[in-house]
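See below for data_35.cif, which holds mmCIF, C-alpha atoms.
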data_upload
loop_
_atom_site.label_atom_id
_atom_site.label_comp_id
_atom_site.auth_asym_id
_atom_site.auth_seq_id
_atom_site.Cartn_x
_atom_site.Cartn_y
_atom_site.Cartn_z
CA MET A 896 64.43 96.73 116.18
CA LYS A 897 64.77 98.44 119.51
CA VAL A 898 66.81 101.42 120.58
CA LYS A 899 68.60 101.27 123.93
CA ASN A 900 70.25 104.08 125.86
CA GLN A 901 73.41 103.19 127.72
CA PHE A 902 75.45 105.95 129.38
CA ASN A 903 73.73 108.49 127.07
CA LYS A 904 74.96 106.62 124.00
CA LYS A 905 72.51 105.63 121.30
CA ILE A 906 72.46 101.87 120.79
CA VAL A 907 70.42 100.40 117.96
CA HIS A 908 69.76 96.79 117.03
CA VAL A 909 70.33 96.15 113.32
CA LYS A 910 70.81 93.44 110.71
CA CYS A 911 73.57 93.68 108.10
CA VAL A 912 72.11 93.43 104.58
CA ASP A 913 75.11 94.20 102.37
CA PHE A 914 78.72 95.37 102.17
CA THR A 915 79.87 98.80 101.05
CA PHE A 916 82.58 99.01 98.37
CA ASP A 917 85.21 99.31 101.12
CA GLY A 918 84.05 96.28 103.10
CA GLN A 919 81.92 97.87 105.83
CA GLY A 920 78.69 96.26 106.90
CA LEU A 921 75.59 98.10 105.68
CA ALA A 922 72.45 98.15 107.84
CA LYS A 923 69.20 100.15 107.96
CA TYR A 924 67.40 101.71 110.93
CA ASN A 925 64.34 103.97 110.63
CA ASN A 926 65.10 104.43 106.91
CA ARG A 927 68.63 105.62 107.69
CA THR A 928 71.73 103.84 106.45
CA ILE A 929 74.28 102.76 109.07
CA PHE A 930 77.82 101.74 108.15
CA VAL A 931 79.33 99.26 110.62
CA PRO A 932 82.93 98.02 110.20
CA SER A 933 83.41 94.26 110.86
CA LEU A 934 79.70 93.44 110.66
CA LEU A 935 79.08 90.63 108.16
CA ILE A 936 76.08 90.05 105.90
CA ASP A 937 73.09 88.46 107.74
CA GLU A 938 74.61 89.18 111.17
CA GLU A 939 72.61 91.06 113.80
CA ALA A 940 74.13 93.30 116.45
CA ASP A 941 73.63 96.03 119.00
CA VAL A 942 75.45 98.96 117.42
CA GLU A 943 76.55 102.22 119.00
CA ILE A 944 76.12 105.25 116.75
CA LEU A 945 79.49 107.05 116.79
CA TYR A 946 78.54 110.00 114.59
CA ARG A 947 75.92 111.15 112.12
CA LYS A 948 76.30 112.57 108.64
CA LYS A 949 73.59 114.08 106.47
CA ASP A 950 72.74 110.84 104.68
CA TYR A 951 74.10 108.10 106.93
CA ASP A 952 75.33 107.09 110.39
CA VAL A 953 78.56 105.35 111.37
CA GLY A 954 78.56 102.89 114.23
CA HIS A 955 80.52 100.10 115.86
CA ILE A 956 79.51 96.73 117.24
CA VAL A 957 78.69 96.66 120.96
CA LYS A 958 77.34 93.10 120.98
CA LEU A 959 76.81 90.49 118.27
CA THR A 960 73.44 88.81 118.69
CA LYS A 961 73.47 86.68 115.53
CA THR A 962 76.73 85.43 114.02
CA SER A 963 77.46 84.53 110.41
CA LYS A 964 78.63 80.96 109.72
CA TYR A 965 81.42 82.55 107.66
CA ARG A 966 82.85 84.54 110.59
CA ILE A 967 86.33 83.41 111.68
CA ASN A 968 88.66 84.49 114.46
CA PRO A 969 90.93 87.23 113.08
CA LYS A 970 94.59 86.29 112.86
CA CYS A 971 95.45 89.89 113.76
CA LYS A 972 94.77 91.09 117.33
CA CYS A 973 94.07 94.63 116.08
CA ALA A 974 91.73 93.67 113.24
CA THR A 975 88.79 95.69 114.56
CA SER A 976 90.73 98.85 115.46
CA CYS A 977 93.29 99.24 112.67
CA GLY A 978 92.12 100.74 109.37
CA GLY A 979 94.22 98.47 107.17
CA CYS A 980 92.00 95.40 106.71
CA SER A 981 88.29 94.90 106.07
CA PHE A 982 87.91 91.11 106.06
CA GLN A 983 90.17 89.64 108.76
CA ASN A 984 87.08 88.10 110.38
CA LEU A 985 85.65 86.54 107.19
CA ASP A 986 86.36 83.14 105.64
CA TYR A 987 88.74 83.79 102.74
CA GLN A 988 86.73 81.96 100.09
CA LYS A 989 83.66 83.99 101.08
CA GLU A 990 85.78 87.15 100.92
CA LEU A 991 86.64 86.31 97.31
CA GLU A 992 82.96 85.74 96.52
CA TYR A 993 81.95 89.12 97.95
CA LYS A 994 84.78 90.96 96.20
CA LYS A 995 83.85 89.36 92.89
CA LEU A 996 80.18 90.24 93.35
CA ILE A 997 80.83 93.88 94.33
CA ALA A 998 83.35 94.44 91.52
CA THR A 999 81.15 92.72 88.89
CA ASN A 1000 78.11 94.77 89.87
CA THR A 1001 80.14 97.99 89.77
CA ILE A 1002 81.44 97.29 86.27
CA ASN A 1003 78.06 96.23 84.91
CA LYS A 1004 76.23 99.17 86.46
CA ILE A 1005 78.62 101.97 85.52
CA ALA A 1006 79.81 100.64 82.15
CA LYS A 1007 76.35 99.24 81.31
CA LEU A 1008 77.71 95.78 80.57
CA ASN A 1009 76.34 92.33 81.31
CA PHE A 1010 79.23 90.16 82.45
CA LYS A 1011 77.99 87.19 84.49
CA ASP A 1012 80.64 85.12 86.25
CA ILE A 1013 83.98 86.89 86.23
CA LEU A 1014 86.84 84.75 87.52
CA ILE A 1015 88.73 85.97 90.60
CA HIS A 1016 92.25 84.67 91.24
CA GLY A 1017 92.89 84.34 94.97
CA MET A 1018 95.94 83.36 97.03
CA LYS A 1019 96.65 79.98 98.61
CA GLU A 1020 97.90 81.71 101.76
CA PRO A 1021 96.45 85.25 102.10
CA TYR A 1022 98.87 86.46 104.78
CA TYR A 1023 102.37 88.00 105.07
CA TYR A 1024 102.37 89.06 101.42
CA ARG A 1025 103.11 92.80 101.50
CA ASN A 1026 106.71 93.64 100.57
CA LYS A 1027 106.30 97.32 101.46
CA ILE A 1028 105.55 98.50 105.00
CA GLN A 1029 104.84 102.13 106.00
CA ILE A 1030 104.75 102.76 109.75
CA PRO A 1031 104.08 106.10 111.50
CA PHE A 1032 105.80 106.85 114.83
CA GLY A 1033 104.30 109.10 117.49
CA TYR A 1034 103.26 109.37 121.15
CA ASP A 1035 100.19 108.24 123.06
CA LYS A 1036 98.28 110.44 125.55
CA GLN A 1037 100.83 109.59 128.27
CA HIS A 1038 103.61 110.65 125.89
CA ARG A 1039 104.90 107.12 125.49
CA LEU A 1040 106.57 106.30 122.19
CA GLU A 1041 104.37 104.17 119.91
CA TYR A 1042 104.22 102.92 116.35
CA GLY A 1043 101.63 101.08 114.33
CA PHE A 1044 98.91 101.91 111.82
CA TYR A 1045 96.33 104.64 111.68
CA LYS A 1046 92.89 103.93 113.06
CA PHE A 1047 90.10 103.80 110.49
CA LYS A 1048 89.65 107.27 108.92
CA SER A 1049 91.88 109.02 111.48
CA HIS A 1050 95.49 109.84 112.33
CA ASP A 1051 95.31 108.11 115.71
CA ILE A 1052 97.99 105.42 115.86
CA VAL A 1053 96.89 101.90 116.77
CA PRO A 1054 99.98 100.23 118.34
CA ILE A 1055 100.79 97.09 116.37
CA LYS A 1056 103.83 94.88 116.91
CA GLU A 1057 103.03 92.44 114.11
CA CYS A 1058 100.90 92.92 111.00
CA VAL A 1059 99.75 89.61 109.51
CA ILE A 1060 99.55 90.91 105.93
CA GLU A 1061 103.08 92.37 105.99
CA ASP A 1062 106.30 90.41 105.47
CA ASP A 1063 107.29 89.40 109.00
CA CYS A 1064 110.81 90.87 108.66
CA HIS A 1065 109.35 94.14 109.98
CA VAL A 1066 108.79 92.89 113.55
CA LYS A 1067 112.41 92.80 114.74
CA ILE A 1068 113.40 95.91 112.78
CA LEU A 1069 110.65 98.09 114.27
CA GLU A 1070 111.25 96.77 117.79
CA ASN A 1071 114.91 97.79 117.55
CA ILE A 1072 114.15 101.19 116.04
CA SER A 1073 111.78 101.89 118.92
CA ARG A 1074 114.33 100.66 121.49
CA LEU A 1075 117.14 102.77 120.03
CA MET A 1076 114.99 105.88 119.85
CA LYS A 1077 114.34 105.60 123.59
CA GLU A 1078 117.97 104.80 124.45
CA LEU A 1079 119.44 107.59 122.31
CA HIS A 1080 116.70 110.16 123.04
CA ILE A 1081 115.60 110.44 119.42
CA THR A 1082 112.09 111.85 119.21
CA ALA A 1083 109.07 110.94 117.10
CA TYR A 1084 107.28 113.54 115.02
CA ASP A 1085 104.32 115.41 116.53
CA GLU A 1086 102.11 116.49 113.62
CA ASP A 1087 100.23 119.02 115.80
CA LYS A 1088 103.32 120.75 117.21
CA LEU A 1089 105.42 120.09 114.07
CA THR A 1090 108.31 118.91 116.25
CA GLY A 1091 110.37 115.72 116.49
CA ASP A 1092 112.76 113.69 114.36
CA ILE A 1093 111.32 110.44 112.93
CA ARG A 1094 107.95 110.65 111.14
CA HIS A 1095 107.66 107.25 109.42
CA VAL A 1096 109.67 104.12 108.80
CA LEU A 1097 109.41 102.44 105.39
CA ILE A 1098 110.59 98.87 104.91
CA ARG A 1099 110.85 97.19 101.51
CA VAL A 1100 111.86 93.55 101.07
CA GLY A 1101 112.67 91.53 97.96
CA LYS A 1102 110.51 88.38 97.90
CA ILE A 1103 113.11 86.46 95.87
CA SER A 1104 116.34 88.30 96.74
CA LYS A 1105 115.50 88.70 100.48
CA GLU A 1106 117.22 92.11 100.39
CA ILE A 1107 115.79 94.63 102.87
CA MET A 1108 115.70 98.42 102.62
CA VAL A 1109 114.84 100.57 105.63
CA THR A 1110 114.03 104.24 105.06
CA LEU A 1111 113.79 106.60 108.03
CA VAL A 1112 111.55 109.54 107.12
CA VAL A 1113 112.82 112.44 109.22
CA THR A 1114 112.21 116.18 109.55
CA ASN A 1115 115.91 116.92 108.95
CA ASN A 1116 119.16 114.98 108.57
CA LYS A 1117 120.88 116.43 111.63
CA PHE A 1118 118.99 114.69 114.42
CA LYS A 1119 120.90 113.76 117.56
CA ASN A 1120 122.95 110.53 117.56
CA LYS A 1121 122.18 109.82 113.90
CA ASN A 1122 125.40 107.91 113.22
CA THR A 1123 125.29 105.97 116.50
CA PHE A 1124 121.65 105.09 115.80
CA SER A 1125 122.30 103.79 112.27
CA LYS A 1126 125.33 101.69 113.29
CA ALA A 1127 123.43 100.19 116.24
CA LEU A 1128 120.42 99.36 114.05
CA ILE A 1129 122.54 97.54 111.46
CA LYS A 1130 124.30 95.62 114.24
CA ALA A 1131 120.98 94.57 115.79
CA CYS A 1132 119.42 93.73 112.39
CA PRO A 1133 122.22 92.53 110.08
CA ASN A 1134 119.65 91.36 107.49
CA ILE A 1135 119.12 95.04 106.53
CA THR A 1136 121.01 95.50 103.27
CA THR A 1137 120.57 99.26 102.93
CA LEU A 1138 119.52 102.11 105.24
CA LEU A 1139 118.38 105.54 104.04
CA LEU A 1140 117.32 108.89 105.45
CA ASN A 1141 114.49 110.61 103.63
CA ILE A 1142 114.05 114.27 104.60
CA ASN A 1143 110.48 115.55 104.74
CA SER A 1144 110.12 118.83 106.64
CA ARG A 1145 106.80 119.78 105.06
CA LYS A 1146 103.42 119.89 106.80
CA THR A 1147 101.83 117.23 104.62
CA ASN A 1148 100.23 113.80 104.57
CA VAL A 1149 102.62 112.78 101.78
CA ILE A 1150 105.05 110.38 103.43
CA LEU A 1151 108.27 110.82 101.44
CA GLY A 1152 110.20 114.04 100.86
CA GLU A 1153 112.44 114.90 97.91
CA LYS A 1154 115.91 114.62 99.48
CA GLU A 1155 117.58 111.38 100.54
CA GLU A 1156 120.83 110.30 102.12
CA VAL A 1157 122.27 106.78 102.10
CA LEU A 1158 123.49 105.78 105.58
CA TYR A 1159 124.41 102.19 104.79
CA GLY A 1160 124.56 99.92 101.77
CA LYS A 1161 123.95 100.68 98.09
CA GLY A 1162 120.79 102.79 98.50
CA TYR A 1163 118.44 100.37 96.75
CA ILE A 1164 117.41 96.73 96.70
CA GLU A 1165 116.88 94.33 93.83
CA ASP A 1166 114.22 91.69 93.24
CA TYR A 1167 112.92 89.45 90.47
CA LEU A 1168 109.55 89.34 88.70
CA LEU A 1169 108.99 86.49 86.24
CA GLY A 1170 112.76 86.02 86.13
CA VAL A 1171 113.54 89.68 85.34
CA LYS A 1172 115.70 91.64 87.80
CA PHE A 1173 114.48 95.05 89.01
CA ARG A 1174 116.26 97.76 90.95
CA ILE A 1175 113.92 99.25 93.55
CA SER A 1176 114.45 102.57 95.33
CA SER A 1177 112.44 104.00 98.23
CA LYS A 1178 110.23 105.91 95.76
CA SER A 1179 109.85 103.22 93.08
CA PHE A 1180 106.38 101.93 92.31
CA TYR A 1181 106.60 98.17 92.67
CA GLN A 1182 103.58 95.97 93.29
CA VAL A 1183 103.35 95.10 96.99
CA ASN A 1184 102.26 91.48 96.43
CA HIS A 1185 105.00 89.74 94.46
CA ASP A 1186 103.25 86.41 93.87
CA GLN A 1187 99.92 87.91 92.81
CA CYS A 1188 101.73 90.43 90.62
CA GLU A 1189 103.17 87.51 88.66
CA VAL A 1190 99.64 86.06 88.35
CA LEU A 1191 98.40 89.46 87.15
CA TYR A 1192 101.10 89.92 84.52
CA LYS A 1193 100.80 86.36 83.18
CA LEU A 1194 97.06 86.97 82.76
CA ALA A 1195 97.69 90.26 80.98
CA PHE A 1196 100.15 88.70 78.53
CA GLU A 1197 97.86 85.73 77.88
CA LYS A 1198 94.81 87.95 77.29
CA ALA A 1199 96.82 90.21 74.96
CA ASN A 1200 97.68 87.21 72.79
CA LEU A 1201 101.15 88.68 72.23
CA THR A 1202 103.28 87.65 69.26
CA LYS A 1203 106.85 88.24 68.08
CA ASP A 1204 105.44 90.64 65.45
CA ASP A 1205 103.86 92.97 68.03
CA THR A 1206 105.07 96.45 68.91
CA VAL A 1207 103.61 97.40 72.28
CA LEU A 1208 103.24 100.67 74.18
CA ASP A 1209 103.52 100.44 77.97
CA ALA A 1210 101.79 103.61 79.15
CA TYR A 1211 102.27 104.63 82.81
CA CYS A 1212 105.30 102.31 82.66
CA GLY A 1213 106.92 103.18 86.02
CA ILE A 1214 110.21 101.30 86.44
CA GLY A 1215 109.31 99.01 83.53
CA THR A 1216 107.88 95.96 85.29
CA ILE A 1217 105.12 95.18 82.76
CA GLY A 1218 107.15 95.99 79.66
CA LEU A 1219 110.36 94.22 80.62
CA THR A 1220 108.60 91.04 81.78
CA SER A 1221 106.72 90.91 78.44
CA ALA A 1222 109.67 91.87 76.20
CA GLY A 1223 110.57 88.26 75.42
CA PHE A 1224 107.19 87.74 73.70
CA LEU A 1225 107.42 90.86 71.52
CA LYS A 1226 109.14 92.54 68.62
CA LYS A 1227 109.43 95.81 70.56
CA ILE A 1228 108.24 97.41 73.81
CA VAL A 1229 108.12 101.17 74.35
CA GLY A 1230 107.58 102.54 77.85
CA VAL A 1231 106.34 106.08 78.49
CA GLU A 1232 106.05 107.82 81.85
CA ILE A 1233 106.05 111.45 83.02
CA VAL A 1234 108.13 110.74 86.16
CA SER A 1235 111.77 111.17 85.15
CA ASP A 1236 113.23 109.08 88.01
CA ALA A 1237 111.01 106.15 87.01
CA ILE A 1238 112.25 106.36 83.40
CA LYS A 1239 115.86 106.35 84.60
CA ASP A 1240 115.11 103.20 86.61
CA ALA A 1241 113.35 101.57 83.63
CA LYS A 1242 116.32 102.22 81.32
CA LEU A 1243 118.67 100.85 83.95
CA ASN A 1244 116.50 97.76 84.47
CA ALA A 1245 116.52 97.08 80.73
CA LYS A 1246 120.32 97.37 80.71
CA ILE A 1247 120.73 95.12 83.78
CA ASN A 1248 118.73 92.38 82.05
CA ASN A 1249 120.32 92.86 78.61
CA ILE A 1250 116.90 93.55 77.10
CA THR A 1251 117.58 95.28 73.78
CA ASN A 1252 114.06 95.58 72.35
CA ALA A 1253 112.85 98.00 75.03
CA SER A 1254 112.93 101.82 74.82
CA TYR A 1255 111.83 104.31 77.48
CA TYR A 1256 110.79 107.97 77.19
CA CYS A 1257 109.89 110.64 79.72
CA MET A 1258 106.85 112.36 78.25
CA ASP A 1259 103.06 112.34 78.08
CA ALA A 1260 101.85 108.98 76.74
CA SER A 1261 98.88 110.74 75.08
CA GLU A 1262 101.34 112.55 72.81
CA TYR A 1263 103.85 109.75 72.29
CA MET A 1264 101.10 107.42 71.06
CA PHE A 1265 101.19 109.05 67.62
CA LYS A 1266 104.95 108.77 67.11
CA GLU A 1267 104.73 105.19 65.87
CA LYS A 1268 102.14 102.48 65.20
CA PHE A 1269 101.39 100.15 68.12
CA ASP A 1270 99.68 96.78 67.87
CA CYS A 1271 98.83 96.74 71.57
CA VAL A 1272 98.75 99.24 74.44
CA PHE A 1273 99.15 98.28 78.09
CA VAL A 1274 97.63 100.77 80.55
CA ASP A 1275 98.05 100.52 84.31
CA PRO A 1276 96.99 103.97 85.59
CA PRO A 1277 96.71 105.25 89.17
CA ARG A 1278 93.35 105.05 90.99
CA LYS A 1279 91.92 108.06 89.16
CA GLY A 1280 92.00 106.05 85.92
CA LEU A 1281 92.63 107.38 82.42
CA ASP A 1282 92.18 111.08 81.73
CA ASP A 1283 90.06 112.25 78.82
CA LYS A 1284 93.07 113.34 76.77
CA PHE A 1285 94.59 109.87 76.96
CA ILE A 1286 91.32 108.12 76.08
CA GLN A 1287 90.80 110.33 73.04
CA SER A 1288 94.39 109.68 71.90
CA LEU A 1289 93.81 105.95 72.37
CA ILE A 1290 90.63 106.04 70.28
CA LYS A 1291 92.27 108.14 67.55
CA SER A 1292 95.43 106.03 67.29
CA SER A 1293 93.34 102.82 67.25
CA PRO A 1294 95.72 100.06 68.41
CA LYS A 1295 94.35 96.59 67.61
CA LYS A 1296 94.51 95.51 71.25
CA ILE A 1297 94.36 97.17 74.67
CA VAL A 1298 95.07 95.53 78.02
CA TYR A 1299 93.73 97.67 80.86
CA ILE A 1300 95.07 96.83 84.34
CA SER A 1301 93.22 98.68 87.08
CA CYS A 1302 93.44 99.06 90.84
CA ASP A 1303 90.08 100.88 91.04
CA VAL A 1304 87.04 99.15 89.59
CA GLY A 1305 84.95 102.34 89.64
CA THR A 1306 87.23 104.44 87.43
CA LEU A 1307 87.88 101.38 85.25
CA ALA A 1308 84.12 100.99 84.64
CA ARG A 1309 83.84 104.70 83.81
CA ASP A 1310 86.60 104.37 81.19
CA LEU A 1311 85.14 101.16 79.74
CA SER A 1312 81.81 102.94 79.23
CA ILE A 1313 83.64 105.14 76.70
CA LEU A 1314 86.00 102.58 75.17
CA LYS A 1315 83.24 99.99 74.55
CA GLU A 1316 81.92 102.13 71.68
CA TYR A 1317 85.15 101.49 69.78
CA TYR A 1318 86.48 98.25 71.30
CA ASN A 1319 85.10 94.81 72.08
CA ILE A 1320 85.52 93.89 75.74
CA ASN A 1321 86.73 90.33 75.32
CA SER A 1322 87.47 89.32 78.90
CA ILE A 1323 87.57 90.59 82.48
CA ASP A 1324 89.52 88.92 85.30
CA PHE A 1325 89.91 89.91 88.94
CA VAL A 1326 93.14 89.29 90.86
CA ASP A 1327 93.10 89.44 94.65
CA MET A 1328 96.25 91.51 95.01
CA PHE A 1329 95.40 92.66 98.54
CA PRO A 1330 93.81 89.82 100.55
CA ARG A 1331 91.92 90.75 103.75
CA THR A 1332 91.37 94.30 102.39
CA TYR A 1333 88.54 95.48 100.12
CA HIS A 1334 90.83 96.20 97.15
CA VAL A 1335 90.84 94.09 94.00
CA GLU A 1336 92.93 94.34 90.81
CA THR A 1337 91.33 93.90 87.38
CA VAL A 1338 92.65 92.85 83.96
CA VAL A 1339 90.52 93.71 80.92
CA ALA A 1340 91.34 92.64 77.35
CA LEU A 1341 89.90 94.76 74.53
CA SER A 1342 90.09 94.44 70.75
CA LEU A 1343 89.36 97.04 68.09
CA LYS A 1344 85.92 96.77 66.48
CA LYS A 1345 86.04 96.19 62.72
#

Could you spell out this file's structure in structure tokens?
Amino acid sequence: MKVKNQFNKKIVHVKCVDFTFDGQGLAKYNNRTIFVPSLLIDEEADVEILYRKKDYDVGHIVKLTKTSKYRINPKCKCATSCGGCSFQNLDYQKELEYKKLIATNTINKIAKLNFKDILIHGMKEPYYYRNKIQIPFGYDKQHRLEYGFYKFKSHDIVPIKECVIEDDCHVKILENISRLMKELHITAYDEDKLTGDIRHVLIRVGKISKEIMVTLVVTNNKFKNKNTFSKALIKACPNITTLLLNINSRKTNVILGEKEEVLYGKGYIEDYLLGVKFRISSKSFYQVNHDQCEVLYKLAFEKANLTKDDTVLDAYCGIGTIGLTSAGFLKKIVGVEIVSDAIKDAKLNAKINNITNASYYCMDASEYMFKEKFDCVFVDPPRKGLDDKFIQSLIKSSPKKIVYISCDVGTLARDLSILKEYYNINSIDFVDMFPRTYHVETVVALSLKK
């Protein structure tokens, strides 16, 4: 391995030996670890060191000198600059193999288990699946309006006209928003100067219903030409079924603010999961991959071995997607969530579908768990996993079955290391909910030890 100097930049020649958990190539040079995005296992490359940390370096490919047989041409033109995808340049079947290997090793290592060949459920067509799009607007160095996605680990916008993992309805909508902003002198937000009107644009689309919601995230609701802008946008994009203003005047990385105003339409969209209708607002949690979500839920219900005698707790229930799609198999489903707006949506969704064996409560699931006896508990927590209070309540209440759905294999493994003392881990399945990224969803079925 030789080191070259080119324009005072350090260039090293390395071989990729592994992937990190987030899909970066991992190489070694002089006993130092180098993380290199887009470098595949067994590939060799001249790599420029961009910056150094205490324990590792971060670089980017200057020249590939040995190419993997699994490398493909990315479908996206911005695959190497945008921070959204990790595996655009990798054969999809190989991507599934790597994801399965990384996730299996993580679970076995942290939870001290010995699962061998965990099944991963991939997509037939791993593109254009995201039904939720979040796009920042800003200016380049020449103060030209731009929109796109943030560069890897930065807030620099990479201009992108089309994202190949997003529903393609966004292309025309964003083009017209950009055009109208220029024509009507509506400004984009400058996060350094804290000035401007439009910060982000959120687009949600119903996979089955085809309804489209556009949410303009703005610093205030009195920006110039607001009414002219909204009317012109609907005229240019008549497939938009509702248009909202979300007001976020705070200095924050959180995209949505608290206040909203409906500019056009009913203020929400509807879509169907496993035949059940759901009302979706701009703030609703709704899985971004409709088809794989149905795969995930079917797996969860199958692994739970649900019967008409079962009373089930849906902890972290959100707008009720898991509970309401499983209600037909059960005696009773109870959903618990601490977000009051989500509980209102869940109750409404139950009413819309005439589901009478579902009840929803706004409170801490750790406390509600003792109010009645549950045969099975569904948990689908955020990335941080289950907190200690919830785990202890789960152990004390001792439901016969638990189905743990996780979007973070690390925190899942941590929680399983505790639960395995009281529960048998009967099965683990991976679902590729986010193809071309490093994320993977997991379904674990547990049964109470006798």

Write out as a PyMOL selection string the residues lying within 9 Å of A:Thr1114, counting all atoms listed in the file and excluding same-chain residues fewer than 2 positions away. chain A and resi 1084+1090-1094+1112+1116-1118+1141-1145

Go ahead and write the selection's residues with C-alpha atoms as a compact mmCIF listing (two decimals), in the frame of the given file.
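So again-v9.txt came out as:
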# COMPACT_ATOMS: atom_id res chain seq x y z
CA TYR A 1084 107.28 113.54 115.02
CA THR A 1090 108.31 118.91 116.25
CA GLY A 1091 110.37 115.72 116.49
CA ASP A 1092 112.76 113.69 114.36
CA ILE A 1093 111.32 110.44 112.93
CA ARG A 1094 107.95 110.65 111.14
CA VAL A 1112 111.55 109.54 107.12
CA ASN A 1116 119.16 114.98 108.57
CA LYS A 1117 120.88 116.43 111.63
CA PHE A 1118 118.99 114.69 114.42
CA ASN A 1141 114.49 110.61 103.63
CA ILE A 1142 114.05 114.27 104.60
CA ASN A 1143 110.48 115.55 104.74
CA SER A 1144 110.12 118.83 106.64
CA ARG A 1145 106.80 119.78 105.06

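Nearest to A:Ile1247 of all the residues A:Tyr1167, A:Ala1308, A:Gly1223, A:Phe1269 is A:Tyr1167, counting only C-alpha atoms.
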
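Using only C-alpha atoms, the shortest contact distance between A:Ala1245 and any of A:Lys1315, A:Lys1178, A:Lys1227, A:Lys1172 is found at A:Lys1172.
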
Distance in Å - atom CA of A:Leu1139 versus atom CA of A:Ile1233: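 Those two atoms sit 25.1 Å apart.
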
Compare A:Asp1240, A:Asp941, A:Asp1259, A:Asp1303 by their minimum atom-to-atom distance to A:Lys905, counting all atoms listed in the file, and give me the closest one. A:Asp941

Residues proximal to (93.3, 95.7, 81.7) were defined as those with any atom within 6 Å of that point in the file's coordinates, counting only C-alpha atoms. Which are they, as a ChimeraX atom specification? /A:1298-1300,1338-1340
